[in-house]
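Novice: Sharing a structure below in structure tokens format, with a few things to ask.
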Amino acid sequence: MRIIIAGAGEVGFHLAKLLSYESQNITLIDSNKESLTYADNHLDIKVLKGDATSISILREAKVDSSDLVIGVTSSETTNITLCLLAKQMGCKKTIARISNIEFIDNKELIRFSEMGIDELISPEELAATEIQLLLNQSAFFDTYEFEAGALIMVGVTLPTGAPFIGKSVKDAANIFPGLHFMPIAMQRFGTQFTLIPRGDTVFKDKDQVYFVTDKEGVDELYKLTGKTKEDIKNVMILGGSKVGFNTARDLCAKKFNVKLIEKNKEKAFDISDRLPNVLVINGDGRNVELLDEESLESMDAFI
């Protein structure tokens with residue numbers, strides 16, 4: 001695929017890195033020369049210096065023959081404008097990074113696809129959602145929901161004594177018939193290699209295993225792995241960034257008790273006004289005395 005990525009920041013560089021490893025044809029556009037030089041020296045991609053909304057730059061990037069344009073600059077307006085232009089100039093599909101989640105909440109009303117934007121993503125909102133899932137499934141180190149929870153992916157480290165340690169995937173399926181989960185990937189303890197489990201793949205002690213399951217299967221995984229689901233209600237969040245704000249907002253909506261520490265006084269007061277159910281503390285979260293005063297030890301989770 002021919003893919004154009006606008007924005008050589010952390011998100012853009014990471015995307016370019018992952019996609020280039022898949023042997024995709026990547027062009028990275030940014031107006032910052034240093035960011036582009038770093039990407040050019042570390043990745044097998046083409047880089048273009050300039051404004052991503054410049055028609056001449058897009059032509060030079062061959063947008064008319066591109067399969068995908070991804071706008072992940074720090075400017076929401078630039079990303080949206082880029083996608084509109086790219087689609088008009090012949091690109092097959094466009095994705096825009098946004099910060100205003102009202103756009104995502106009202107996709108059906110605004111019909112962005114008719115305007116030329118096929119997908120909207122908000123990394124801050126995705127991070128807040130991931131944090132929520134991790135709190136809800138506290139025994140697992142990774143979780144992801146598909147189709148509003150119809151399927152759930154969970155990652156768990158197999159503890160010593162788990163009933164299927166030493167057994168192959170096929171043997172485990174025979175011993176525990178009717179299980180509502182399936183292993184899809186695993187990482188051996190002490191290695192960085194990911195395995196795709198086959199029937200003869202053996203579960204080993206301290207393997208990090210990813211399972212796909214449904215809500216019923218999550219309870220089965222708790223029992224079979226010996227993990228305990230912690231009841232989390234009191235949460236302390238350090239930082240009032242977009243991720244911190246969105247997380248606090250979403251947790252309050254789920255009836256969590258949330259304390260948020262923000263060093264910037266003006267930002268702290270603004271968050272307090274916008275999230276009246278959150279206890280906002282203006283202070284430095286690196287101050288041990290402050291954490292003691294705010295009863296860190298009584299928190300169920302610290303973010």
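Scheme for the structure tokens: letters A, B, ... for chains in order shown; per-chain residue numbers from 1; ligand numbers from 1 in order shown.
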Which residues are close to region 93-106 of chain A, i.e. within 8 Å by only C-alpha atoms, leaving aside same-chain residues fewer than 2 positions away? Reply as a PyMOL selection string.
Specialist: chain A and resi 67-73+76+79-80+83+86-87+91+108-110+116-125
Novice: Please identify which residues in region 41-221 of chain A DSSP calls alpha helix (DSSP H) from the backbone, and express them as an NGL selection string.
Specialist: :A and (41-42 or 55-60 or 76-88 or 102-105 or 107-110 or 112-115 or 123-136 or 169-175 or 215-221)
Novice: With a cut-off of 8 Å, could you pull out the residues of region 71-147 of chain A touching region 233-257 of chain A and give me the nearest pair of atoms for each, distance in Å to one decimal, using only C-alpha atoms, ordered by chain and ascending number, as a tab-separated table?
Specialist:
residue	atom	partner	partner_atom	distance
A:Glu124	CA	A:Val243	CA	4.9
A:Glu125	CA	A:Asn246	CA	6.6
A:Ala127	CA	A:Val243	CA	6.5
A:Ala128	CA	A:Thr247	CA	4.7
A:Thr129	CA	A:Thr247	CA	7.4
A:Ile131	CA	A:Thr247	CA	7.3
A:Gln132	CA	A:Leu251	CA	7.1
Novice: Can you pull out the residues contacting Gly161 (chain A)? Cut-off 12 Å, using only C-alpha atoms, and skip same-chain residues under 6 positions away; I want them as number ranges by chain.
Specialist: A: 167, 203-206, 223-227
